[in-house]
>>> print(open('target.txt').read())   # compact mmCIF, C-alpha atoms and all ligand atoms
# COMPACT_ATOMS: atom_id res chain seq x y z
CA MET C 1 82.64 92.54 113.67
CA SER C 2 80.16 92.04 110.82
CA GLY C 3 80.15 92.71 107.11
CA LYS C 4 77.49 95.41 106.78
CA LYS C 5 77.92 98.91 105.41
CA LYS C 6 80.29 101.07 107.42
CA VAL C 7 80.64 104.82 107.17
CA ILE C 8 83.52 106.79 108.63
CA THR C 9 83.54 110.56 108.62
CA VAL C 10 86.74 112.57 108.32
CA ASN C 11 86.28 116.01 109.87
CA LEU C 12 88.57 118.58 108.33
CA GLY C 13 88.79 122.32 108.21
CA GLU C 14 87.52 124.96 110.59
CA GLY C 15 83.83 124.27 110.93
CA GLY C 16 84.25 121.00 109.04
CA GLU C 17 83.87 122.48 105.55
CA ARG C 18 86.09 119.80 104.04
CA THR C 19 84.46 116.93 105.88
CA TYR C 20 84.04 113.77 103.82
CA ARG C 21 82.71 110.28 104.09
CA ILE C 22 84.42 106.97 103.64
CA VAL C 23 81.91 104.26 102.79
CA ILE C 24 82.89 100.61 103.08
CA GLU C 25 80.50 97.99 101.77
CA ALA C 26 80.77 94.73 99.88
CA GLY C 27 79.31 95.11 96.38
CA LEU C 28 79.45 98.92 96.51
CA LEU C 29 81.07 99.27 93.10
CA GLY C 30 77.93 98.10 91.29
CA ARG C 31 75.83 100.73 93.08
CA LEU C 32 78.31 103.56 92.68
CA PRO C 33 76.78 105.35 89.65
CA ARG C 34 73.39 105.63 91.40
CA LEU C 35 75.03 106.66 94.65
CA LEU C 36 76.99 109.43 92.95
CA GLY C 37 74.00 110.38 90.83
CA ASP C 38 71.91 110.92 93.95
CA SER C 39 74.36 113.27 95.59
CA HIS C 40 75.68 115.31 92.68
CA PRO C 41 74.24 117.98 90.45
CA ALA C 42 72.62 116.84 87.23
CA GLY C 43 74.79 117.40 84.20
CA ARG C 44 78.04 117.02 86.09
CA SER C 45 80.43 114.90 84.06
CA VAL C 46 82.60 112.21 85.59
CA PHE C 47 86.12 111.35 84.43
CA ILE C 48 87.19 107.91 85.59
CA ILE C 49 90.98 107.52 85.77
CA THR C 50 92.17 103.95 86.09
CA ASP C 51 95.02 101.66 85.04
CA SER C 52 95.18 99.01 82.34
CA ASN C 53 94.48 96.07 84.71
CA VAL C 54 91.66 97.68 86.63
CA GLU C 55 90.10 99.01 83.44
CA ARG C 56 89.69 95.46 82.20
CA LEU C 57 88.47 94.09 85.54
CA TYR C 58 86.14 96.86 86.70
CA GLY C 59 86.51 100.06 84.68
CA ARG C 60 84.43 99.21 81.67
CA ARG C 61 81.65 97.79 83.82
CA LEU C 62 81.62 100.97 85.91
CA LEU C 63 81.46 103.07 82.74
CA ARG C 64 78.40 101.11 81.58
CA GLY C 65 76.83 101.68 85.00
CA PHE C 66 77.21 105.43 84.60
CA SER C 67 75.71 105.32 81.15
CA GLU C 68 72.71 103.32 82.47
CA ALA C 69 72.28 105.94 85.20
CA ASN C 70 72.31 108.68 82.52
CA ILE C 71 75.48 110.26 83.88
CA ASP C 72 78.00 111.55 81.39
CA ALA C 73 81.20 109.60 82.06
CA THR C 74 84.53 109.04 80.29
CA LEU C 75 87.20 106.49 81.09
CA LEU C 76 90.92 107.30 80.88
CA SER C 77 93.48 104.59 81.50
CA VAL C 78 97.19 104.74 82.32
CA ALA C 79 99.70 101.88 82.16
CA SER C 80 99.67 99.81 85.36
CA GLY C 81 102.66 100.15 87.68
CA GLU C 82 104.73 102.70 89.55
CA SER C 83 106.19 104.18 86.33
CA SER C 84 102.84 105.90 85.75
CA LYS C 85 103.49 108.13 88.75
CA SER C 86 105.34 110.51 86.45
CA ALA C 87 105.18 114.04 85.11
CA ASP C 88 104.66 112.59 81.61
CA THR C 89 101.53 110.72 82.69
CA VAL C 90 100.18 113.80 84.46
CA GLN C 91 100.83 115.93 81.38
CA ALA C 92 99.06 113.40 79.14
CA LEU C 93 96.06 113.25 81.47
CA HIS C 94 95.87 117.05 81.69
CA THR C 95 95.85 117.22 77.89
CA HIS C 96 93.11 114.60 77.49
CA LEU C 97 90.93 116.16 80.17
CA LEU C 98 91.28 119.69 78.77
CA LYS C 99 90.47 118.48 75.27
CA LEU C 100 87.44 116.63 76.65
CA GLY C 101 86.22 119.90 78.16
CA ILE C 102 86.71 119.28 81.87
CA HIS C 103 85.47 122.16 84.01
CA ARG C 104 85.44 122.94 87.68
CA ASP C 105 82.14 121.21 88.32
CA SER C 106 83.38 118.00 86.77
CA MET C 107 84.32 115.09 89.00
CA ILE C 108 87.41 112.93 88.74
CA LEU C 109 87.02 109.36 89.97
CA ALA C 110 90.22 107.49 90.82
CA LEU C 111 89.58 103.77 90.29
CA GLY C 112 92.59 101.63 91.16
CA GLY C 113 95.46 101.08 93.53
CA GLY C 114 97.72 103.63 95.18
CA VAL C 115 99.37 104.55 91.89
CA VAL C 116 96.08 105.56 90.29
CA GLY C 117 94.92 107.30 93.47
CA ASP C 118 98.11 109.34 93.74
CA VAL C 119 98.22 110.32 90.05
CA ALA C 120 94.51 110.98 89.59
CA GLY C 121 94.43 112.90 92.87
CA PHE C 122 97.37 115.02 91.75
CA VAL C 123 95.72 115.68 88.40
CA ALA C 124 92.55 116.68 90.29
CA ALA C 125 94.57 118.98 92.56
CA THR C 126 96.28 120.75 89.69
CA ILE C 127 93.94 120.94 86.72
CA LEU C 128 92.03 124.24 86.62
CA ARG C 129 93.51 124.87 90.10
CA GLY C 130 91.63 121.93 91.51
CA VAL C 131 88.51 119.92 90.73
CA PRO C 132 86.72 117.55 93.14
CA TYR C 133 87.63 113.89 93.06
CA VAL C 134 86.52 110.69 94.69
CA GLN C 135 88.70 107.74 95.55
CA VAL C 136 87.57 104.23 94.68
CA PRO C 137 90.57 102.19 95.85
CA THR C 138 90.91 98.63 94.55
CA THR C 139 94.02 97.29 96.31
CA LEU C 140 94.16 96.53 100.02
CA LEU C 141 96.99 99.04 100.40
CA ALA C 142 94.94 101.77 98.77
CA GLN C 143 91.83 100.83 100.77
CA VAL C 144 93.54 100.95 104.17
CA ASP C 145 96.13 103.61 103.54
CA SER C 146 96.69 105.71 100.42
CA SER C 147 93.08 106.63 99.55
CA VAL C 148 92.58 108.34 102.90
CA GLY C 149 94.44 111.45 103.96
CA GLY C 150 94.65 113.64 100.88
CA LYS C 151 98.33 113.14 100.03
CA VAL C 152 98.55 112.98 96.25
CA GLY C 153 101.54 113.13 93.98
CA ILE C 154 104.06 111.63 91.63
CA ASN C 155 107.71 110.60 91.61
CA HIS C 156 110.65 112.67 90.39
CA PRO C 157 113.90 111.28 88.94
CA LEU C 158 115.53 112.48 92.18
CA GLY C 159 113.22 110.48 94.43
CA LYS C 160 109.82 108.98 95.15
CA ASN C 161 106.77 111.10 95.99
CA LEU C 162 108.73 114.36 95.82
CA ILE C 163 106.14 116.25 93.77
CA GLY C 164 102.66 116.50 95.18
CA ALA C 165 99.93 118.27 97.04
CA PHE C 166 97.43 117.89 99.82
CA HIS C 167 94.05 117.55 98.13
CA GLN C 168 91.32 115.82 100.11
CA PRO C 169 88.82 113.66 98.23
CA ALA C 170 85.13 114.52 98.23
CA ALA C 171 84.44 110.94 99.30
CA VAL C 172 86.05 107.50 99.41
CA PHE C 173 84.11 104.43 98.29
CA ILE C 174 85.57 101.08 99.28
CA ASP C 175 84.28 97.77 97.95
CA PRO C 176 86.14 94.89 99.65
CA ASP C 177 84.77 92.48 97.01
CA VAL C 178 87.23 93.79 94.41
CA LEU C 179 90.07 92.31 96.47
CA LYS C 180 89.01 88.85 95.20
CA THR C 181 90.96 89.49 92.00
CA LEU C 182 93.99 91.02 93.70
CA PRO C 183 97.21 88.96 93.38
CA ARG C 184 98.35 87.44 96.72
CA ALA C 185 101.57 89.45 96.80
CA GLU C 186 99.61 92.70 96.45
CA TYR C 187 97.27 91.59 99.23
CA ARG C 188 100.23 90.92 101.54
CA ASN C 189 101.57 94.39 100.71
CA GLY C 190 98.39 95.86 102.14
CA LEU C 191 98.50 93.59 105.18
CA ALA C 192 101.88 95.09 106.13
CA GLU C 193 100.19 98.50 106.43
CA VAL C 194 97.34 96.97 108.46
CA VAL C 195 99.86 95.51 110.91
CA LYS C 196 101.63 98.87 111.01
CA ILE C 197 98.45 100.75 111.89
CA ALA C 198 97.39 98.22 114.52
CA ALA C 199 100.86 97.97 116.09
CA ALA C 200 101.22 101.73 116.22
CA LEU C 201 97.77 102.68 117.39
CA ASP C 202 95.48 99.96 118.62
CA ARG C 203 96.42 97.05 120.86
CA LYS C 204 92.89 95.59 120.72
CA PHE C 205 92.89 95.58 116.92
CA PHE C 206 96.34 93.97 116.97
CA ARG C 207 94.98 91.19 119.23
CA TYR C 208 92.03 90.73 116.86
CA LEU C 209 94.48 90.25 114.00
CA GLN C 210 96.48 87.75 116.08
CA ARG C 211 93.38 85.75 116.96
CA ASN C 212 92.22 85.64 113.35
CA ALA C 213 95.63 85.52 111.72
CA ARG C 214 94.99 82.55 109.50
CA ALA C 215 91.66 83.76 108.15
CA VAL C 216 93.06 87.24 107.57
CA ALA C 217 96.13 85.84 105.80
CA GLU C 218 93.82 83.90 103.49
CA GLY C 219 91.79 87.01 102.70
CA ASN C 220 88.58 85.74 104.30
CA ALA C 221 85.90 87.97 102.78
CA ARG C 222 83.80 88.04 105.96
CA MET C 223 86.56 89.80 107.88
CA LEU C 224 87.75 92.28 105.32
CA PRO C 225 85.14 95.02 105.81
CA ALA C 226 85.86 95.18 109.54
CA ILE C 227 89.62 95.16 109.07
CA ILE C 228 89.50 97.86 106.42
CA ALA C 229 87.09 99.96 108.49
CA ARG C 230 89.24 99.78 111.61
CA SER C 231 92.43 100.66 109.72
CA VAL C 232 90.74 103.55 107.94
CA ALA C 233 89.17 104.88 111.13
CA LEU C 234 92.54 104.88 112.87
CA LYS C 235 94.25 106.65 109.98
CA ALA C 236 91.40 109.14 109.59
CA ALA C 237 91.61 110.09 113.27
CA ILE C 238 95.30 110.88 112.86
CA VAL C 239 94.73 112.85 109.65
CA GLU C 240 92.03 114.91 111.37
CA ARG C 241 94.54 115.99 114.01
CA ASP C 242 97.51 116.56 111.68
CA GLU C 243 96.32 116.95 108.10
CA ARG C 244 99.57 118.52 106.86
CA ASP C 245 101.94 115.99 108.39
CA ARG C 246 103.63 118.37 110.80
CA GLY C 247 103.86 116.03 113.77
CA LEU C 248 101.45 113.34 114.86
CA ARG C 249 100.91 111.94 111.35
CA LYS C 250 104.48 110.66 111.51
CA VAL C 251 103.23 107.73 113.62
CA LEU C 252 102.13 106.28 110.26
CA ASN C 253 105.80 106.15 109.28
CA LEU C 254 106.44 103.23 111.61
CA GLY C 255 108.77 100.82 109.77
CA HIS C 256 109.09 103.25 106.89
CA THR C 257 112.43 104.88 107.73
CA VAL C 258 114.37 101.64 107.39
CA GLY C 259 111.79 100.33 104.91
CA HIS C 260 112.31 103.20 102.48
CA ALA C 261 116.08 102.85 102.74
CA LEU C 262 115.77 99.16 101.91
CA GLU C 263 113.55 99.90 98.91
CA ALA C 264 116.03 102.49 97.66
CA ALA C 265 119.05 100.23 98.27
CA THR C 266 117.45 97.45 96.23
CA ARG C 267 116.35 99.97 93.59
CA TYR C 268 112.73 99.17 94.40
CA ALA C 269 113.11 95.45 93.74
CA THR C 270 111.78 94.93 97.30
CA ARG C 271 108.02 95.35 97.42
CA HIS C 272 106.79 98.19 99.59
CA GLY C 273 104.89 95.94 102.01
CA GLU C 274 107.86 93.61 102.41
CA ALA C 275 110.17 96.56 103.01
CA VAL C 276 107.77 97.95 105.61
CA ALA C 277 107.56 94.56 107.35
CA LEU C 278 111.36 94.30 107.44
CA GLY C 279 111.62 97.93 108.48
CA MET C 280 109.21 97.37 111.37
CA VAL C 281 111.17 94.33 112.55
CA ALA C 282 114.54 96.11 112.29
CA GLU C 283 113.34 99.31 113.95
CA SER C 284 111.60 97.30 116.68
CA ALA C 285 114.75 95.26 117.37
CA ILE C 286 116.47 98.59 117.92
CA ALA C 287 113.60 99.73 120.15
CA VAL C 288 114.11 96.62 122.30
CA GLN C 289 117.81 97.41 122.63
CA LEU C 290 117.01 100.99 123.57
CA GLY C 291 114.78 99.68 126.34
CA LEU C 292 111.67 101.17 124.71
CA LEU C 293 109.88 98.03 123.59
CA PRO C 294 109.22 94.93 125.70
CA GLN C 295 110.70 91.78 124.16
CA ARG C 296 107.29 90.06 124.26
CA ASP C 297 105.72 92.76 122.11
CA PHE C 298 108.56 92.43 119.63
CA GLU C 299 107.98 88.69 119.46
CA ASN C 300 104.25 89.17 118.89
CA LEU C 301 104.92 91.61 116.08
CA VAL C 302 107.31 89.23 114.34
CA ARG C 303 104.87 86.33 114.79
CA LEU C 304 102.00 88.25 113.25
CA LEU C 305 104.07 89.36 110.26
CA ARG C 306 105.15 85.75 109.75
CA ALA C 307 101.56 84.55 109.95
CA PHE C 308 100.75 87.02 107.19
CA LYS C 309 103.61 85.54 105.13
CA LEU C 310 105.59 88.74 105.27
CA PRO C 311 109.39 88.55 105.52
CA VAL C 312 111.03 89.12 108.92
CA GLN C 313 114.66 88.19 108.29
CA PHE C 314 116.58 91.31 107.36
CA PRO C 315 118.43 90.66 104.09
CA THR C 316 122.09 91.31 103.39
CA VAL C 317 122.16 94.81 101.96
CA LYS C 318 124.56 94.77 99.04
CA ASN C 319 124.52 98.47 98.32
CA ARG C 320 125.21 99.85 101.77
CA SER C 321 126.07 103.36 100.65
CA LEU C 322 122.74 103.65 98.85
CA PHE C 323 121.00 102.37 101.99
CA LEU C 324 122.81 104.86 104.22
CA SER C 325 122.29 107.80 101.89
CA ALA C 326 118.56 106.98 101.70
CA LEU C 327 118.48 106.98 105.51
CA ALA C 328 120.39 110.25 105.51
CA GLY C 329 117.90 111.66 103.01
CA ASP C 330 115.11 110.94 105.45
CA LYS C 331 117.30 112.54 108.10
CA LYS C 332 117.92 115.75 106.23
CA ALA C 333 114.23 116.22 105.73
CA GLU C 334 114.04 116.63 109.51
CA GLN C 335 116.30 119.23 110.93
CA GLY C 336 118.49 118.10 113.77
CA GLY C 337 119.50 114.52 112.91
CA THR C 338 118.00 111.07 112.64
CA LYS C 339 114.52 110.94 114.08
CA TYR C 340 112.82 107.57 114.16
CA VAL C 341 109.28 106.53 114.92
CA LEU C 342 109.72 103.54 117.19
CA LEU C 343 107.31 101.14 118.80
CA ALA C 344 107.10 101.60 122.55
CA GLY C 345 104.69 98.71 123.06
CA ILE C 346 101.88 97.30 120.92
CA GLY C 347 99.53 100.22 120.31
CA LYS C 348 102.06 102.82 121.38
CA VAL C 349 104.75 104.75 119.50
CA ALA C 350 107.54 107.09 120.43
CA LEU C 351 108.10 109.93 117.97
CA GLY C 352 111.38 111.66 117.20
CA VAL C 353 113.68 109.07 118.75
CA ASP C 354 117.43 109.43 118.11
CA VAL C 355 118.96 106.13 117.06
CA PRO C 356 122.74 105.95 117.52
CA SER C 357 124.37 105.00 114.21
CA VAL C 358 125.97 101.95 115.81
CA PHE C 359 122.61 100.17 115.65
CA ILE C 360 122.35 100.79 111.93
CA GLN C 361 125.91 99.57 111.46
CA GLN C 362 124.98 96.42 113.38
CA LEU C 363 121.89 95.94 111.28
CA LEU C 364 123.98 96.06 108.13
CA ALA C 365 126.94 94.11 109.47
CA GLU C 366 125.41 91.18 111.31
CA ARG C 367 122.98 88.88 109.71
CA SER C 368 122.18 87.77 113.24
CA PHE C 369 121.31 91.27 114.53
CA ILE C 370 117.60 90.50 114.51
CA GLY C 371 118.10 86.80 115.10
CA ARG C 372 119.55 87.69 118.48
CA PHE C 373 116.05 88.48 119.59
CA ARG C 374 114.11 85.28 120.14
CA HIS C 375 111.17 85.03 117.78
N1 LIG P 401 99.09 108.93 99.12
C1 LIG P 401 99.42 108.21 100.16
O1 LIG P 401 99.16 108.58 101.31
C2 LIG P 401 100.09 106.90 99.95
C3 LIG P 401 100.26 106.00 101.02
C4 LIG P 401 100.84 104.76 100.77
C5 LIG P 401 101.25 104.44 99.48
N2 LIG P 401 101.09 105.33 98.45
C6 LIG P 401 101.49 105.00 97.09
O2 LIG P 401 100.72 103.90 96.63
C7 LIG P 401 101.42 103.26 95.57
C8 LIG P 401 101.29 101.78 95.72
O3 LIG P 401 99.94 101.43 95.64
P1 LIG P 401 99.48 99.92 95.38
O4 LIG P 401 100.26 99.01 96.23
O5 LIG P 401 98.01 99.90 95.43
O6 LIG P 401 100.03 99.65 93.89
P2 LIG P 401 99.35 99.75 92.43
O7 LIG P 401 98.43 100.87 92.35
O8 LIG P 401 100.49 99.70 91.47
O9 LIG P 401 98.52 98.39 92.33
C9 LIG P 401 99.20 97.16 92.35
C10 LIG P 401 98.80 96.27 91.17
O10 LIG P 401 97.50 95.74 91.41
C11 LIG P 401 96.67 95.94 90.26
N3 LIG P 401 95.31 96.01 90.77
C12 LIG P 401 94.71 97.04 91.42
N4 LIG P 401 93.52 96.67 91.88
C13 LIG P 401 93.33 95.39 91.50
C14 LIG P 401 92.29 94.44 91.70
N5 LIG P 401 91.20 94.74 92.45
N6 LIG P 401 92.43 93.22 91.17
C15 LIG P 401 93.55 92.89 90.48
N7 LIG P 401 94.58 93.72 90.27
C16 LIG P 401 94.46 94.96 90.80
C17 LIG P 401 97.21 97.17 89.63
O11 LIG P 401 96.88 97.25 88.26
C18 LIG P 401 98.71 97.00 89.84
O12 LIG P 401 99.25 96.16 88.85
C19 LIG P 401 102.87 103.75 95.65
O13 LIG P 401 103.12 104.60 94.57
C20 LIG P 401 102.92 104.53 96.97
O14 LIG P 401 103.83 105.60 96.92
C21 LIG P 401 100.51 106.54 98.68
ZN ZN P 402 103.59 102.47 103.36
>>> encode(input="target.txt", output="structure tokens", more="lines below")
Ligand SMILES: NC(=O)c1ccc[n+]([C@@H]2O[C@H](COP(=O)([O-])OP(=O)(O)OC[C@H]3O[C@@H](n4cnc5c(N)ncnc54)[C@H](O)[C@@H]3O)[C@@H](O)[C@H]2O)c1
Ligand SMILES: [Zn+2]
Amino acid sequence: MSGKKKVITVNLGEGGERTYRIVIEAGLLGRLPRLLGDSHPAGRSVFIITDSNVERLYGRRLLRGFSEANIDATLLSVASGESSKSADTVQALHTHLLKLGIHRDSMILALGGGVVGDVAGFVAATILRGVPYVQVPTTLLAQVDSSVGGKVGINHPLGKNLIGAFHQPAAVFIDPDVLKTLPRAEYRNGLAEVVKIAAALDRKFFRYLQRNARAVAEGNARMLPAIIARSVALKAAIVERDERDRGLRKVLNLGHTVGHALEAATRYATRHGEAVALGMVAESAIAVQLGLLPQRDFENLVRLLRAFKLPVQFPTVKNRSLFLSALAGDKKAEQGGTKYVLLAGIGKVALGVDVPSVFIQQLLAERSFIGRFRH
């Protein structure tokens, strides 16, 4: 696997009318204004939406690049962090964009992590009934997961990601070099999703991660383009077959049923990647007990998560009722009871598995529930 430019095409729509490209290349950000300038009509204005951290690190430089390429561009910045995924932020962005004269031929450019991608994408989906947007993800999580697939949205006081739309980007531009400035904890967050994708869908990729665990954990720049490209290609293939999340796309929820409940129970004090890692371990321990997952595969999963410095020891959940009601919330969304996505081997998942509540009780009651499985 080498570090050259990689292009992945996502084929969507009858006749592929919503097909778009995902370009992965080190140093891409510096070339972005020219790249966009080449493929878009003259006179089209670009509205960059970013957050306060990314604005400082990359936003202003990108804005200068547009100006040098004689493309009309404006930069709008929101506060960094999950709290920006709100109706207030969307309203403020709508107001700015309308006052700045956005029209349907304008282009929104989401420059940042998953928060920026989700908010800017939602603004693009809703303003003037939809304007095109491109994703330029700058966290590992956004590069391997949230920037691809067209799910955009914000949080509601009643729950996360409850307000949103499906709005596919016109293109996704990924520059692995920007990960050099990403804090370690944010990098690990993204690695949890990489493990999830490999464990669920691709045994060979999982083995590659095992073989190169140390270099990957350290963020070795030579490996990142290949790792991002493989993760994106796997996700894109699923999105192509189930754009609206009616069935197959649920494989991407591996570790997320228990993970979400843990996030909710700790009032989001647990980072998403850590919750997903713990969710994968807990759900996989259950899969072993159900006779779905070979013990060896479970051990390999736990070992890889550990190598990536992700937590594997399920914590004591203090607020059990919040945990259980979050699980029940996930349940109610599906008619007909608890349906889990469980690992049935590395590279293989079982969808819609019923998990008897006794396993969840055990998970909450015994600190040793997961410890019982050698790892
Ligand atoms: N739409 C989807 O399909 C989908 C999928 C998964 C997650 N999400 C959403 O993604 C969000 C989480 O995204 P995230 O983990 O990227 O968080 P984030 O966007 O909050 O970014 C994390 C932090 O890193 C900073 N940052 C971003 N790029 C940086 C860089 N290159 N260098 C230094 N700092 C940088 C940000 O300012 C922020 O402080 C959640 O809201 C989640 O719901 C969406
Ligand atoms: Zn996730």
>>> closest_atom_pairs(input="target.txt", of="chain C", to="ligand ZN 402 (chain P)", cutoff="7 Å", atoms="all atoms listed in the file", output="Markdown table")
| residue | atom | partner | partner_atom | distance |
| --- | --- | --- | --- | --- |
| C:Glu193 | CA | P:ZN402 | ZN | 6.1 |
| C:His256 | CA | P:ZN402 | ZN | 6.6 |
| C:His272 | CA | P:ZN402 | ZN | 6.5 |
| C:Gly273 | CA | P:ZN402 | ZN | 6.8 |
| C:Val276 | CA | P:ZN402 | ZN | 6.6 |
>>> residues_near_ligand(input="target.txt", ligand="ligand LIG 401 (chain P)", cutoff="7 Å", atoms="only C-alpha atoms and all ligand atoms", output="PyMOL selection string")
chain C and resi 51-54+57+80-82+85+112-116+118+138-142+145-152+161+178-183+186+189-190
>>> axis_aligned_box(input="target.txt", around="range 67-79 of chain C", padding_each_side="6 Å", output="JSON")
{"center_x": 86.0, "center_y": 106.7, "center_z": 82.7, "size_x": 39.4, "size_y": 21.7, "size_z": 16.9}
>>> residues_around(input="target.txt", residues="range 63-76 of chain C", least_positions_apart="6", cutoff="7 Å", atoms="all atoms listed in the file", output="mmCIF file with C-alpha atoms, keeping the file's coordinate frame")
data_model
loop_
_atom_site.group_PDB
_atom_site.id
_atom_site.type_symbol
_atom_site.label_atom_id
_atom_site.label_comp_id
_atom_site.auth_asym_id
_atom_site.auth_seq_id
_atom_site.Cartn_x
_atom_site.Cartn_y
_atom_site.Cartn_z
ATOM 1 C CA PRO C 33 76.780 105.350 89.650
ATOM 2 C CA ARG C 34 73.390 105.630 91.400
ATOM 3 C CA SER C 45 80.430 114.900 84.060
ATOM 4 C CA VAL C 46 82.600 112.210 85.590
ATOM 5 C CA PHE C 47 86.120 111.350 84.430
ATOM 6 C CA ILE C 48 87.190 107.910 85.590
ATOM 7 C CA ILE C 49 90.980 107.520 85.770
ATOM 8 C CA THR C 50 92.170 103.950 86.090
#
>>> residues_around(input="target.txt", residues="Ala213 in chain C", least_positions_apart="3", cutoff="8 Å", atoms="all atoms listed in the file", output="JSON, numbers by chain")
{"C": [209, 210, 216, 217, 304, 307, 308]}
>>> atom_distance(input="target.txt", atom1="CA of Gly59 in chain C", atom2="CA of Ser77 in chain C")
8.9 Å
>>> closest_residue(input="target.txt", among="C:Ala120, C:Ile346, C:Leu28, C:Leu322", to="Leu292 in chain C", atoms="only C-alpha atoms")
C:Ile346
>>> closest_residue(input="target.txt", among="C:Glu25, C:Asp202, C:Asp88, C:Asp354", to="Gln143 in chain C", atoms="all atoms listed in the file")
C:Glu25
>>> residues_around(input="target.txt", residues="range 239-252 of chain C", least_positions_apart="2", cutoff="7 Å", atoms="all atoms listed in the file", output="PyMOL selection string")
chain C and resi 10-12+149+197+200+235-237+254+341+349+351
>>> closest_residue(input="target.txt", among="C:Gly164, C:Ile22, C:Gly13, C:Gln135", to="Ser231 in chain C", atoms="only C-alpha atoms")
C:Ile22
>>> atom_distance(input="target.txt", atom1="CA of Phe314 in chain C", atom2="CA of Pro356 in chain C")
18.9 Å
>>> closest_residue(input="target.txt", among="C:Ala226, C:Val136, C:Ile286, C:Ala198", to="Gly347 in chain C", atoms="all atoms listed in the file")
C:Ala198
>>> atom_distance(input="target.txt", atom1="CA of Ala350 in chain C", atom2="CA of Ala264 in chain C")
24.7 Å
>>> closest_residue(input="target.txt", among="C:Ile154, C:Leu278, C:Ala110, C:Ala165", to="Gly130 in chain C", atoms="all atoms listed in the file")
C:Ala165
>>> closest_residue(input="target.txt", among="C:Leu201, C:Arg296, C:His167, C:Gly219", to="Ile238 in chain C", atoms="only C-alpha atoms")
C:Leu201
>>> residues_near_point(input="target.txt", point="(86.4, 98.5, 108.4)", cutoff="10 Å", atoms="all atoms listed in the file", output="PDB file with C-alpha atoms, in the coordinates of the input")
ATOM      1  CA  MET C   1      82.640  92.540 113.670  1.00  0.00           C
ATOM      2  CA  SER C   2      80.160  92.040 110.820  1.00  0.00           C
ATOM      3  CA  GLY C   3      80.150  92.710 107.110  1.00  0.00           C
ATOM      4  CA  LYS C   4      77.490  95.410 106.780  1.00  0.00           C
ATOM      5  CA  LYS C   5      77.920  98.910 105.410  1.00  0.00           C
ATOM      6  CA  LYS C   6      80.290 101.070 107.420  1.00  0.00           C
ATOM      7  CA  VAL C   7      80.640 104.820 107.170  1.00  0.00           C
ATOM      8  CA  ILE C   8      83.520 106.790 108.630  1.00  0.00           C
ATOM      9  CA  ILE C  22      84.420 106.970 103.640  1.00  0.00           C
ATOM     10  CA  VAL C  23      81.910 104.260 102.790  1.00  0.00           C
ATOM     11  CA  ILE C  24      82.890 100.610 103.080  1.00  0.00           C
ATOM     12  CA  GLU C  25      80.500  97.990 101.770  1.00  0.00           C
ATOM     13  CA  GLN C 143      91.830 100.830 100.770  1.00  0.00           C
ATOM     14  CA  VAL C 144      93.540 100.950 104.170  1.00  0.00           C
ATOM     15  CA  ILE C 174      85.570 101.080  99.280  1.00  0.00           C
ATOM     16  CA  PRO C 176      86.140  94.890  99.650  1.00  0.00           C
ATOM     17  CA  MET C 223      86.560  89.800 107.880  1.00  0.00           C
ATOM     18  CA  LEU C 224      87.750  92.280 105.320  1.00  0.00           C
ATOM     19  CA  PRO C 225      85.140  95.020 105.810  1.00  0.00           C
ATOM     20  CA  ALA C 226      85.860  95.180 109.540  1.00  0.00           C
ATOM     21  CA  ILE C 227      89.620  95.160 109.070  1.00  0.00           C
ATOM     22  CA  ILE C 228      89.500  97.860 106.420  1.00  0.00           C
ATOM     23  CA  ALA C 229      87.090  99.960 108.490  1.00  0.00           C
ATOM     24  CA  ARG C 230      89.240  99.780 111.610  1.00  0.00           C
ATOM     25  CA  SER C 231      92.430 100.660 109.720  1.00  0.00           C
ATOM     26  CA  VAL C 232      90.740 103.550 107.940  1.00  0.00           C
ATOM     27  CA  ALA C 233      89.170 104.880 111.130  1.00  0.00           C
ATOM     28  CA  LEU C 234      92.540 104.880 112.870  1.00  0.00           C
TER      29      LEU C 234
END
>>> residues_around(input="target.txt", residues="Ser86 in chain C", least_positions_apart="6", cutoff="9 Å", atoms="only C-alpha atoms", output="PyMOL selection string")
chain C and resi 119+153-157
>>> residues_around(input="target.txt", residues="Asp177 in chain C", least_positions_apart="5", cutoff="8 Å", atoms="all atoms listed in the file", output="list in words")
Ala26, Gly27 and Ala221 of chain C
>>> residues_near_point(input="target.txt", point="(102.5, 87.6, 110.8)", cutoff="12 Å", atoms="all atoms listed in the file", output="VMD selection string")
chain C and resid 188 191 to 196 199 206 to 207 209 to 218 274 277 to 278 280 to 281 298 to 312 375
